[in-house]
Each structure stands twice: as C-alpha cells, then as structure tokens.
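Visitor: Sharing query.pdb below, PDB, N, CA and C atoms and all ligand atoms:
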```pdb
ATOM      1  N   MET V  10      11.107  10.087  14.464  1.00  0.00           N
ATOM      2  CA  MET V  10      11.775   9.235  13.473  1.00  0.00           C
ATOM      3  C   MET V  10      11.966  10.019  12.186  1.00  0.00           C
ATOM      4  N   SER V  11      13.184  10.039  11.665  1.00  0.00           N
ATOM      5  CA  SER V  11      13.432  10.842  10.463  1.00  0.00           C
ATOM      6  C   SER V  11      13.403   9.998   9.190  1.00  0.00           C
ATOM      7  N   GLN V  12      13.508   8.693   9.356  1.00  0.00           N
ATOM      8  CA  GLN V  12      13.544   7.841   8.179  1.00  0.00           C
ATOM      9  C   GLN V  12      12.166   7.727   7.543  1.00  0.00           C
ATOM     10  N   LYS V  13      12.125   7.940   6.238  1.00  0.00           N
ATOM     11  CA  LYS V  13      10.844   7.856   5.540  1.00  0.00           C
ATOM     12  C   LYS V  13      10.657   6.454   4.982  1.00  0.00           C
ATOM     13  N   ILE V  14       9.412   6.081   4.900  1.00  0.00           N
ATOM     14  CA  ILE V  14       9.076   4.780   4.324  1.00  0.00           C
ATOM     15  C   ILE V  14       8.365   5.027   3.007  1.00  0.00           C
ATOM     16  N   GLU V  15       8.765   4.298   2.011  1.00  0.00           N
ATOM     17  CA  GLU V  15       8.140   4.456   0.705  1.00  0.00           C
ATOM     18  C   GLU V  15       7.143   3.327   0.474  1.00  0.00           C
ATOM     19  N   MET V  16       5.933   3.705   0.149  1.00  0.00           N
ATOM     20  CA  MET V  16       4.902   2.706  -0.093  1.00  0.00           C
ATOM     21  C   MET V  16       4.333   2.966  -1.481  1.00  0.00           C
ATOM     22  N   GLU V  17       4.335   1.924  -2.280  1.00  0.00           N
ATOM     23  CA  GLU V  17       3.894   2.097  -3.652  1.00  0.00           C
ATOM     24  C   GLU V  17       2.840   1.040  -3.967  1.00  0.00           C
ATOM     25  N   ILE V  18       1.705   1.494  -4.451  1.00  0.00           N
ATOM     26  CA  ILE V  18       0.648   0.543  -4.779  1.00  0.00           C
ATOM     27  C   ILE V  18       0.575   0.398  -6.292  1.00  0.00           C
ATOM     28  N   CYS V  19       0.429  -0.829  -6.744  1.00  0.00           N
ATOM     29  CA  CYS V  19       0.398  -1.058  -8.188  1.00  0.00           C
ATOM     30  C   CYS V  19      -0.942  -0.611  -8.763  1.00  0.00           C
ATOM     31  N   LEU V  20      -0.861   0.262  -9.730  1.00  0.00           N
ATOM     32  CA  LEU V  20      -2.071   0.721 -10.416  1.00  0.00           C
ATOM     33  C   LEU V  20      -2.066   0.296 -11.879  1.00  0.00           C
ATOM     34  N   GLY V  21      -1.301  -0.754 -12.162  1.00  0.00           N
ATOM     35  CA  GLY V  21      -1.370  -1.357 -13.494  1.00  0.00           C
ATOM     36  C   GLY V  21      -2.763  -1.923 -13.702  1.00  0.00           C
ATOM     37  N   SER V  22      -3.147  -2.172 -14.922  1.00  0.00           N
ATOM     38  CA  SER V  22      -4.551  -2.506 -15.199  1.00  0.00           C
ATOM     39  C   SER V  22      -5.029  -3.755 -14.459  1.00  0.00           C
ATOM     40  N   SER V  23      -4.171  -4.760 -14.321  1.00  0.00           N
ATOM     41  CA  SER V  23      -4.587  -5.987 -13.644  1.00  0.00           C
ATOM     42  C   SER V  23      -4.856  -5.737 -12.160  1.00  0.00           C
ATOM     43  N   CYS V  24      -3.906  -5.162 -11.461  1.00  0.00           N
ATOM     44  CA  CYS V  24      -4.082  -4.889 -10.023  1.00  0.00           C
ATOM     45  C   CYS V  24      -5.177  -3.860  -9.794  1.00  0.00           C
ATOM     46  N   PHE V  25      -5.236  -2.870 -10.652  1.00  0.00           N
ATOM     47  CA  PHE V  25      -6.239  -1.806 -10.504  1.00  0.00           C
ATOM     48  C   PHE V  25      -7.649  -2.384 -10.554  1.00  0.00           C
ATOM     49  N   SER V  26      -7.871  -3.253 -11.556  1.00  0.00           N
ATOM     50  CA  SER V  26      -9.219  -3.785 -11.734  1.00  0.00           C
ATOM     51  C   SER V  26      -9.552  -4.862 -10.713  1.00  0.00           C
ATOM     52  N   ARG V  27      -8.548  -5.393 -10.042  1.00  0.00           N
ATOM     53  CA  ARG V  27      -8.811  -6.441  -9.045  1.00  0.00           C
ATOM     54  C   ARG V  27      -8.784  -5.898  -7.608  1.00  0.00           C
ATOM     55  N   GLY V  28      -9.010  -4.619  -7.461  1.00  0.00           N
ATOM     56  CA  GLY V  28      -9.225  -4.121  -6.098  1.00  0.00           C
ATOM     57  C   GLY V  28      -8.350  -2.971  -5.651  1.00  0.00           C
ATOM     58  N   ASN V  29      -7.201  -2.765  -6.302  1.00  0.00           N
ATOM     59  CA  ASN V  29      -6.321  -1.708  -5.820  1.00  0.00           C
ATOM     60  C   ASN V  29      -6.938  -0.320  -5.964  1.00  0.00           C
ATOM     61  N   LYS V  30      -7.890  -0.218  -6.854  1.00  0.00           N
ATOM     62  CA  LYS V  30      -8.612   1.047  -7.018  1.00  0.00           C
ATOM     63  C   LYS V  30      -9.218   1.494  -5.678  1.00  0.00           C
ATOM     64  N   ASP V  31      -9.836   0.558  -4.967  1.00  0.00           N
ATOM     65  CA  ASP V  31     -10.452   0.896  -3.682  1.00  0.00           C
ATOM     66  C   ASP V  31      -9.424   0.950  -2.561  1.00  0.00           C
ATOM     67  N   VAL V  32      -8.387   0.131  -2.678  1.00  0.00           N
ATOM     68  CA  VAL V  32      -7.375   0.068  -1.616  1.00  0.00           C
ATOM     69  C   VAL V  32      -6.614   1.388  -1.519  1.00  0.00           C
ATOM     70  N   VAL V  33      -6.419   2.056  -2.647  1.00  0.00           N
ATOM     71  CA  VAL V  33      -5.735   3.359  -2.651  1.00  0.00           C
ATOM     72  C   VAL V  33      -6.430   4.314  -1.682  1.00  0.00           C
ATOM     73  N   ASN V  34      -7.728   4.425  -1.810  1.00  0.00           N
ATOM     74  CA  ASN V  34      -8.483   5.349  -0.962  1.00  0.00           C
ATOM     75  C   ASN V  34      -8.396   4.937   0.501  1.00  0.00           C
ATOM     76  N   TYR V  35      -8.431   3.645   0.733  1.00  0.00           N
ATOM     77  CA  TYR V  35      -8.355   3.151   2.104  1.00  0.00           C
ATOM     78  C   TYR V  35      -7.007   3.521   2.726  1.00  0.00           C
ATOM     79  N   ILE V  36      -5.928   3.315   1.986  1.00  0.00           N
ATOM     80  CA  ILE V  36      -4.598   3.618   2.523  1.00  0.00           C
ATOM     81  C   ILE V  36      -4.454   5.122   2.771  1.00  0.00           C
ATOM     82  N   ARG V  37      -4.912   5.914   1.840  1.00  0.00           N
ATOM     83  CA  ARG V  37      -4.846   7.374   2.023  1.00  0.00           C
ATOM     84  C   ARG V  37      -5.531   7.794   3.312  1.00  0.00           C
ATOM     85  N   GLU V  38      -6.709   7.240   3.506  1.00  0.00           N
ATOM     86  CA  GLU V  38      -7.506   7.586   4.681  1.00  0.00           C
ATOM     87  C   GLU V  38      -6.804   7.098   5.959  1.00  0.00           C
ATOM     88  N   TYR V  39      -6.216   5.907   5.905  1.00  0.00           N
ATOM     89  CA  TYR V  39      -5.498   5.338   7.057  1.00  0.00           C
ATOM     90  C   TYR V  39      -4.310   6.218   7.445  1.00  0.00           C
ATOM     91  N   LEU V  40      -3.555   6.645   6.436  1.00  0.00           N
ATOM     92  CA  LEU V  40      -2.370   7.469   6.700  1.00  0.00           C
ATOM     93  C   LEU V  40      -2.769   8.805   7.322  1.00  0.00           C
ATOM     94  N   LYS V  41      -3.839   9.354   6.814  1.00  0.00           N
ATOM     95  CA  LYS V  41      -4.317  10.634   7.316  1.00  0.00           C
ATOM     96  C   LYS V  41      -4.822  10.494   8.761  1.00  0.00           C
ATOM     97  N   ARG V  42      -5.655   9.495   8.954  1.00  0.00           N
ATOM     98  CA  ARG V  42      -6.254   9.270  10.274  1.00  0.00           C
ATOM     99  C   ARG V  42      -5.196   9.042  11.349  1.00  0.00           C
ATOM    100  N   ASN V  43      -4.086   8.419  10.952  1.00  0.00           N
ATOM    101  CA  ASN V  43      -3.049   8.095  11.932  1.00  0.00           C
ATOM    102  C   ASN V  43      -1.852   9.033  11.870  1.00  0.00           C
ATOM    103  N   HIS V  44      -2.021  10.136  11.165  1.00  0.00           N
ATOM    104  CA  HIS V  44      -0.976  11.172  11.062  1.00  0.00           C
ATOM    105  C   HIS V  44       0.343  10.615  10.558  1.00  0.00           C
ATOM    106  N   LEU V  45       0.250   9.756   9.567  1.00  0.00           N
ATOM    107  CA  LEU V  45       1.462   9.147   9.014  1.00  0.00           C
ATOM    108  C   LEU V  45       1.847   9.735   7.653  1.00  0.00           C
ATOM    109  N   ASP V  46       1.141  10.746   7.218  1.00  0.00           N
ATOM    110  CA  ASP V  46       1.410  11.337   5.902  1.00  0.00           C
ATOM    111  C   ASP V  46       2.844  11.830   5.761  1.00  0.00           C
ATOM    112  N   ASP V  47       3.418  12.294   6.877  1.00  0.00           N
ATOM    113  CA  ASP V  47       4.771  12.856   6.812  1.00  0.00           C
ATOM    114  C   ASP V  47       5.849  11.784   6.782  1.00  0.00           C
ATOM    115  N   ILE V  48       5.530  10.633   7.288  1.00  0.00           N
ATOM    116  CA  ILE V  48       6.541   9.572   7.395  1.00  0.00           C
ATOM    117  C   ILE V  48       6.484   8.632   6.201  1.00  0.00           C
ATOM    118  N   ILE V  49       5.291   8.390   5.714  1.00  0.00           N
ATOM    119  CA  ILE V  49       5.111   7.440   4.614  1.00  0.00           C
ATOM    120  C   ILE V  49       4.928   8.191   3.304  1.00  0.00           C
ATOM    121  N   ILE V  50       5.770   7.898   2.364  1.00  0.00           N
ATOM    122  CA  ILE V  50       5.593   8.457   1.020  1.00  0.00           C
ATOM    123  C   ILE V  50       4.773   7.439   0.241  1.00  0.00           C
ATOM    124  N   PHE V  51       3.551   7.813  -0.069  1.00  0.00           N
ATOM    125  CA  PHE V  51       2.634   6.877  -0.703  1.00  0.00           C
ATOM    126  C   PHE V  51       2.365   7.305  -2.140  1.00  0.00           C
ATOM    127  N   LYS V  52       2.585   6.395  -3.067  1.00  0.00           N
ATOM    128  CA  LYS V  52       2.317   6.725  -4.462  1.00  0.00           C
ATOM    129  C   LYS V  52       1.891   5.500  -5.259  1.00  0.00           C
ATOM    130  N   GLY V  53       1.390   5.740  -6.437  1.00  0.00           N
ATOM    131  CA  GLY V  53       0.979   4.660  -7.318  1.00  0.00           C
ATOM    132  C   GLY V  53       2.110   4.282  -8.248  1.00  0.00           C
ATOM    133  N   SER V  54       2.080   3.058  -8.739  1.00  0.00           N
ATOM    134  CA  SER V  54       3.112   2.657  -9.693  1.00  0.00           C
ATOM    135  C   SER V  54       2.474   1.989 -10.906  1.00  0.00           C
ATOM    136  N   ARG V  55       3.280   1.860 -11.918  1.00  0.00           N
ATOM    137  CA  ARG V  55       2.841   1.080 -13.082  1.00  0.00           C
ATOM    138  C   ARG V  55       2.962  -0.393 -12.745  1.00  0.00           C
ATOM    139  N   CYS V  56       2.570  -1.228 -13.684  1.00  0.00           N
ATOM    140  CA  CYS V  56       2.637  -2.670 -13.475  1.00  0.00           C
ATOM    141  C   CYS V  56       4.014  -3.072 -12.943  1.00  0.00           C
ATOM    142  N   MET V  57       4.009  -3.873 -11.864  1.00  0.00           N
ATOM    143  CA  MET V  57       5.256  -4.310 -11.251  1.00  0.00           C
ATOM    144  C   MET V  57       5.784  -5.580 -11.904  1.00  0.00           C
ATOM    145  N   GLY V  58       5.066  -6.079 -12.893  1.00  0.00           N
ATOM    146  CA  GLY V  58       5.494  -7.294 -13.583  1.00  0.00           C
ATOM    147  C   GLY V  58       5.179  -8.554 -12.810  1.00  0.00           C
ATOM    148  N   LEU V  59       4.291  -8.417 -11.826  1.00  0.00           N
ATOM    149  CA  LEU V  59       3.938  -9.568 -10.980  1.00  0.00           C
ATOM    150  C   LEU V  59       2.424  -9.719 -10.911  1.00  0.00           C
ATOM    151  N   CYS V  60       1.776  -9.565 -12.046  1.00  0.00           N
ATOM    152  CA  CYS V  60       0.300  -9.582 -12.091  1.00  0.00           C
ATOM    153  C   CYS V  60      -0.270 -10.875 -11.522  1.00  0.00           C
ATOM    154  N   ASN V  61       0.408 -11.987 -11.760  1.00  0.00           N
ATOM    155  CA  ASN V  61      -0.116 -13.287 -11.332  1.00  0.00           C
ATOM    156  C   ASN V  61      -0.317 -13.384  -9.830  1.00  0.00           C
ATOM    157  N   THR V  62       0.498 -12.662  -9.080  1.00  0.00           N
ATOM    158  CA  THR V  62       0.416 -12.764  -7.621  1.00  0.00           C
ATOM    159  C   THR V  62      -0.235 -11.530  -7.000  1.00  0.00           C
ATOM    160  N   GLY V  63      -0.717 -10.622  -7.830  1.00  0.00           N
ATOM    161  CA  GLY V  63      -1.309  -9.384  -7.350  1.00  0.00           C
ATOM    162  C   GLY V  63      -2.708  -9.547  -6.825  1.00  0.00           C
ATOM    163  N   PRO V  64      -3.352  -8.482  -6.460  1.00  0.00           N
ATOM    164  CA  PRO V  64      -2.860  -7.100  -6.453  1.00  0.00           C
ATOM    165  C   PRO V  64      -1.687  -6.889  -5.476  1.00  0.00           C
ATOM    166  N   ASN V  65      -0.782  -6.028  -5.888  1.00  0.00           N
ATOM    167  CA  ASN V  65       0.465  -5.869  -5.143  1.00  0.00           C
ATOM    168  C   ASN V  65       0.644  -4.487  -4.515  1.00  0.00           C
ATOM    169  N   LEU V  66       1.411  -4.524  -3.429  1.00  0.00           N
ATOM    170  CA  LEU V  66       1.781  -3.303  -2.709  1.00  0.00           C
ATOM    171  C   LEU V  66       3.258  -3.442  -2.360  1.00  0.00           C
ATOM    172  N   ARG V  67       4.039  -2.388  -2.548  1.00  0.00           N
ATOM    173  CA  ARG V  67       5.453  -2.449  -2.185  1.00  0.00           C
ATOM    174  C   ARG V  67       5.693  -1.532  -0.997  1.00  0.00           C
ATOM    175  N   ILE V  68       6.370  -2.042   0.003  1.00  0.00           N
ATOM    176  CA  ILE V  68       6.769  -1.212   1.138  1.00  0.00           C
ATOM    177  C   ILE V  68       8.285  -1.280   1.194  1.00  0.00           C
ATOM    178  N   ASN V  69       8.925  -0.142   0.964  1.00  0.00           N
ATOM    179  CA  ASN V  69      10.374  -0.085   0.741  1.00  0.00           C
ATOM    180  C   ASN V  69      10.727  -1.099  -0.357  1.00  0.00           C
ATOM    181  N   ASP V  70      11.538  -2.106  -0.060  1.00  0.00           N
ATOM    182  CA  ASP V  70      11.933  -3.013  -1.143  1.00  0.00           C
ATOM    183  C   ASP V  70      11.151  -4.319  -1.149  1.00  0.00           C
ATOM    184  N   ARG V  71      10.148  -4.393  -0.326  1.00  0.00           N
ATOM    185  CA  ARG V  71       9.420  -5.654  -0.179  1.00  0.00           C
ATOM    186  C   ARG V  71       8.054  -5.566  -0.850  1.00  0.00           C
ATOM    187  N   ILE V  72       7.725  -6.600  -1.609  1.00  0.00           N
ATOM    188  CA  ILE V  72       6.415  -6.625  -2.266  1.00  0.00           C
ATOM    189  C   ILE V  72       5.463  -7.474  -1.432  1.00  0.00           C
ATOM    190  N   ILE V  73       4.313  -6.923  -1.152  1.00  0.00           N
ATOM    191  CA  ILE V  73       3.279  -7.683  -0.457  1.00  0.00           C
ATOM    192  C   ILE V  73       2.223  -8.035  -1.490  1.00  0.00           C
ATOM    193  N   GLU V  74       1.983  -9.326  -1.628  1.00  0.00           N
ATOM    194  CA  GLU V  74       1.110  -9.805  -2.711  1.00  0.00           C
ATOM    195  C   GLU V  74      -0.310 -10.063  -2.222  1.00  0.00           C
ATOM    196  N   ASP V  75      -1.184 -10.155  -3.188  1.00  0.00           N
ATOM    197  CA  ASP V  75      -2.558 -10.583  -2.929  1.00  0.00           C
ATOM    198  C   ASP V  75      -3.272  -9.705  -1.900  1.00  0.00           C
ATOM    199  N   ILE V  76      -3.118  -8.401  -2.020  1.00  0.00           N
ATOM    200  CA  ILE V  76      -3.785  -7.510  -1.071  1.00  0.00           C
ATOM    201  C   ILE V  76      -5.231  -7.287  -1.510  1.00  0.00           C
ATOM    202  N   SER V  77      -6.054  -6.895  -0.568  1.00  0.00           N
ATOM    203  CA  SER V  77      -7.468  -6.619  -0.865  1.00  0.00           C
ATOM    204  C   SER V  77      -7.991  -5.670   0.194  1.00  0.00           C
ATOM    205  N   ILE V  78      -9.160  -5.140  -0.056  1.00  0.00           N
ATOM    206  CA  ILE V  78      -9.769  -4.216   0.891  1.00  0.00           C
ATOM    207  C   ILE V  78     -10.043  -4.924   2.218  1.00  0.00           C
ATOM    208  N   GLU V  79     -10.252  -6.219   2.174  1.00  0.00           N
ATOM    209  CA  GLU V  79     -10.544  -6.977   3.403  1.00  0.00           C
ATOM    210  C   GLU V  79      -9.311  -7.121   4.308  1.00  0.00           C
ATOM    211  N   VAL V  80      -8.154  -7.210   3.697  1.00  0.00           N
ATOM    212  CA  VAL V  80      -6.961  -7.489   4.515  1.00  0.00           C
ATOM    213  C   VAL V  80      -6.036  -6.285   4.685  1.00  0.00           C
ATOM    214  N   ILE V  81      -6.333  -5.192   3.999  1.00  0.00           N
ATOM    215  CA  ILE V  81      -5.357  -4.093   3.995  1.00  0.00           C
ATOM    216  C   ILE V  81      -5.160  -3.487   5.384  1.00  0.00           C
ATOM    217  N   GLU V  82      -6.224  -3.386   6.172  1.00  0.00           N
ATOM    218  CA  GLU V  82      -6.070  -2.806   7.505  1.00  0.00           C
ATOM    219  C   GLU V  82      -5.076  -3.624   8.344  1.00  0.00           C
ATOM    220  N   SER V  83      -5.209  -4.933   8.319  1.00  0.00           N
ATOM    221  CA  SER V  83      -4.299  -5.741   9.140  1.00  0.00           C
ATOM    222  C   SER V  83      -2.875  -5.701   8.590  1.00  0.00           C
ATOM    223  N   ILE V  84      -2.737  -5.574   7.281  1.00  0.00           N
ATOM    224  CA  ILE V  84      -1.390  -5.444   6.712  1.00  0.00           C
ATOM    225  C   ILE V  84      -0.758  -4.125   7.179  1.00  0.00           C
ATOM    226  N   LEU V  85      -1.522  -3.059   7.120  1.00  0.00           N
ATOM    227  CA  LEU V  85      -0.988  -1.757   7.531  1.00  0.00           C
ATOM    228  C   LEU V  85      -0.648  -1.755   9.014  1.00  0.00           C
ATOM    229  N   GLU V  86      -1.505  -2.355   9.810  1.00  0.00           N
ATOM    230  CA  GLU V  86      -1.240  -2.418  11.257  1.00  0.00           C
ATOM    231  C   GLU V  86       0.065  -3.172  11.516  1.00  0.00           C
ATOM    232  N   LYS V  87       0.252  -4.266  10.802  1.00  0.00           N
ATOM    233  CA  LYS V  87       1.448  -5.087  10.999  1.00  0.00           C
ATOM    234  C   LYS V  87       2.698  -4.359  10.511  1.00  0.00           C
ATOM    235  N   GLU V  88       2.596  -3.726   9.363  1.00  0.00           N
ATOM    236  CA  GLU V  88       3.782  -3.145   8.729  1.00  0.00           C
ATOM    237  C   GLU V  88       4.159  -1.770   9.278  1.00  0.00           C
ATOM    238  N   ILE V  89       3.158  -0.943   9.548  1.00  0.00           N
ATOM    239  CA  ILE V  89       3.484   0.435   9.948  1.00  0.00           C
ATOM    240  C   ILE V  89       2.717   0.890  11.194  1.00  0.00           C
ATOM    241  N   GLY V  90       1.969  -0.021  11.781  1.00  0.00           N
ATOM    242  CA  GLY V  90       1.153   0.332  12.946  1.00  0.00           C
ATOM    243  C   GLY V  90       1.997   0.856  14.101  1.00  0.00           C
ATOM    244  N   ASN V  91       3.244   0.416  14.196  1.00  0.00           N
ATOM    245  CA  ASN V  91       4.103   0.858  15.284  1.00  0.00           C
ATOM    246  C   ASN V  91       4.532   2.311  15.146  1.00  0.00           C
ATOM    247  N   LEU V  92       4.266   2.900  13.984  1.00  0.00           N
ATOM    248  CA  LEU V  92       4.664   4.290  13.747  1.00  0.00           C
ATOM    249  C   LEU V  92       3.558   5.279  14.114  1.00  0.00           C
ATOM    250  N   LYS V  93       2.396   4.739  14.459  1.00  0.00           N
ATOM    251  CA  LYS V  93       1.282   5.620  14.792  1.00  0.00           C
ATOM    252  C   LYS V  93       1.598   6.449  16.016  1.00  0.00           C
ATOM    253  N   LEU V  94       1.066   7.650  16.049  1.00  0.00           N
ATOM    254  CA  LEU V  94       1.324   8.540  17.191  1.00  0.00           C
ATOM    255  C   LEU V  94       0.458   8.160  18.374  1.00  0.00           C
TER     256      LEU V  94
HETATM  257  S1  LIG V 101      -0.721  -4.803 -12.884  1.00  0.00           S
HETATM  258 FE1  LIG V 101       0.088  -4.973 -10.893  1.00  0.00          FE
HETATM  259  S2  LIG V 101       1.779  -6.289 -11.157  1.00  0.00           S
HETATM  260 FE2  LIG V 101       0.982  -6.082 -13.149  1.00  0.00          FE
END
```
Show me, as structure tokens, the structure contained in the file I just sent.
Guide:
Amino acid sequence: MSQKIEMEICLGSSCFSRGNKDVVNYIREYLKRNHLDDIIIFKGSRCMGLCNTGPNLRINDRIIEDISIEVIESILEKEIGNLKL
C-alpha cells in the first residue's frame, strides 16, 4: 500500500494533562511493534480547539474524541489494524 495515513495526537495542555502524554508512547510502541512506522505518519499537534471533547486524536481528517490509555489499543485495532503485516 502506497497511501500514507496521517495520525496526529493533540498535545495541547488540556489533552496532554488528561492522558495524551501516556498515549503518545503507547501509539509509538504499537506502530513499531506492528511495523507500521512507514505507513503511518504520527505526530503531535497543538490544541485542536476541541478541549471539551478531548483528549483527541486525528486520523486523516477524522477526529476521534475521548481517547485514553484504556481504549487506545482497540481504537488502533479498529482504525489501522487491517494494515498490520
Ligand atoms: S488541548 Fe486538545 S483540543 Fe485543546
């Protein structure tokens, strides 16, 4: 597959302090473990302006709200699990 997926995690102060700090490490480790580093462009972003519904994660143009360390694995499996080798 040549199409890249862009994944951006909000590291604004609200999302950062409510769990995204730990979720960043989890996602990095997930991408590495599943050899998805080349397909998924993963980066941090400033406040997305949606603090009330955060912590937030954007995958391409879609925002996934209310993420946490407890649910991130199932979100990743659902969203990008089909890309695993
Ligand atoms: S800090 Fe994440 S949306 Fe504002």
Visitor: Please define a box with edges along x, y and z of the file around all atoms of ligand LIG 101 (chain V) given in the file, extend it by 3 Å on each side, and return its centre and edge lengths in Å to one decimal, as JSON.
Guide:
```
{"center_x": 0.5, "center_y": -5.5, "center_z": -12.0, "size_x": 8.5, "size_y": 7.5, "size_z": 8.3}
```
Visitor: Could you pull out the residues sitting within 7 Å of ligand LIG 101 (chain V), using only C-alpha atoms and all ligand atoms, and write them as a short mmCIF file (atom, residue, chain, number, x, y, z; two decimals) with N, CA and C atoms, in the frame of the given file?
Guide:
```
data_model
loop_
_atom_site.label_atom_id
_atom_site.label_comp_id
_atom_site.auth_asym_id
_atom_site.auth_seq_id
_atom_site.Cartn_x
_atom_site.Cartn_y
_atom_site.Cartn_z
N CYS V 19 0.43 -0.83 -6.74
CA CYS V 19 0.40 -1.06 -8.19
C CYS V 19 -0.94 -0.61 -8.76
N LEU V 20 -0.86 0.26 -9.73
CA LEU V 20 -2.07 0.72 -10.42
C LEU V 20 -2.07 0.30 -11.88
N GLY V 21 -1.30 -0.75 -12.16
CA GLY V 21 -1.37 -1.36 -13.49
C GLY V 21 -2.76 -1.92 -13.70
N SER V 22 -3.15 -2.17 -14.92
CA SER V 22 -4.55 -2.51 -15.20
C SER V 22 -5.03 -3.76 -14.46
N SER V 23 -4.17 -4.76 -14.32
CA SER V 23 -4.59 -5.99 -13.64
C SER V 23 -4.86 -5.74 -12.16
N CYS V 24 -3.91 -5.16 -11.46
CA CYS V 24 -4.08 -4.89 -10.02
C CYS V 24 -5.18 -3.86 -9.79
N PHE V 25 -5.24 -2.87 -10.65
CA PHE V 25 -6.24 -1.81 -10.50
C PHE V 25 -7.65 -2.38 -10.55
N ARG V 55 3.28 1.86 -11.92
CA ARG V 55 2.84 1.08 -13.08
C ARG V 55 2.96 -0.39 -12.74
N CYS V 56 2.57 -1.23 -13.68
CA CYS V 56 2.64 -2.67 -13.48
C CYS V 56 4.01 -3.07 -12.94
N MET V 57 4.01 -3.87 -11.86
CA MET V 57 5.26 -4.31 -11.25
C MET V 57 5.78 -5.58 -11.90
N GLY V 58 5.07 -6.08 -12.89
CA GLY V 58 5.49 -7.29 -13.58
C GLY V 58 5.18 -8.55 -12.81
N LEU V 59 4.29 -8.42 -11.83
CA LEU V 59 3.94 -9.57 -10.98
C LEU V 59 2.42 -9.72 -10.91
N CYS V 60 1.78 -9.56 -12.05
CA CYS V 60 0.30 -9.58 -12.09
C CYS V 60 -0.27 -10.88 -11.52
N GLY V 63 -0.72 -10.62 -7.83
CA GLY V 63 -1.31 -9.38 -7.35
C GLY V 63 -2.71 -9.55 -6.82
N PRO V 64 -3.35 -8.48 -6.46
CA PRO V 64 -2.86 -7.10 -6.45
C PRO V 64 -1.69 -6.89 -5.48
N ASN V 65 -0.78 -6.03 -5.89
CA ASN V 65 0.46 -5.87 -5.14
C ASN V 65 0.64 -4.49 -4.51
#
```
Visitor: Compare V:Glu82, V:Asn61, V:Lys87, V:Leu94 by their minimum atom-to-atom distance to Ile36 of chain V, counting all atoms listed in the file, and give me the closest one.
Guide: V:Glu82
Visitor: Among chain V, which residues does DSSP mark as strand (DSSP E) when it is run on the backbone? Keep the chain and numbering as in the structure and answer as a PyMOL selection string.
Guide: chain V and resi 14-19+49-54+66-68+71-73
Visitor: So which one's closest to Ile48 of chain V, V:Met16, V:Leu85, V:Val33, V:Val80? Using only N, CA and C atoms, please.
Guide: V:Met16
Visitor: Would you please extract all alpha helix (DSSP H) residues from chain V, as assigned by DSSP on the backbone, and give them as number ranges by chain?
Guide: V: 22-24, 30-42, 81-89
Visitor: Distance atom CA of Glu38 of chain V-atom CA of Thr62 of chain V, one decimal place?
Guide: 25.1 Å
Visitor: Provide the atom CA of Ile50 of chain V to atom CA of Arg67 of chain V distance in Å, to one decimal place.
Guide: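 These two atoms are separated by 11.4 Å.
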Visitor: Just so the selection is clear, what residues does the PyMOL selection byres (((chain V and resi 15 and name CA) around 12) and not hetatm and name CA) cover here, as a PyMOL selection string?
Guide: chain V and resi 12-14+16-18+45-54+66-72+88-89
Visitor: To one decimal place in Å, what is the distance between atom CA of Asn29 of chain V and atom CA of Lys41 of chain V?
Guide: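 Atom CA of Lys41 of chain V lies 18.1 Å from atom CA of Asn29 of chain V.
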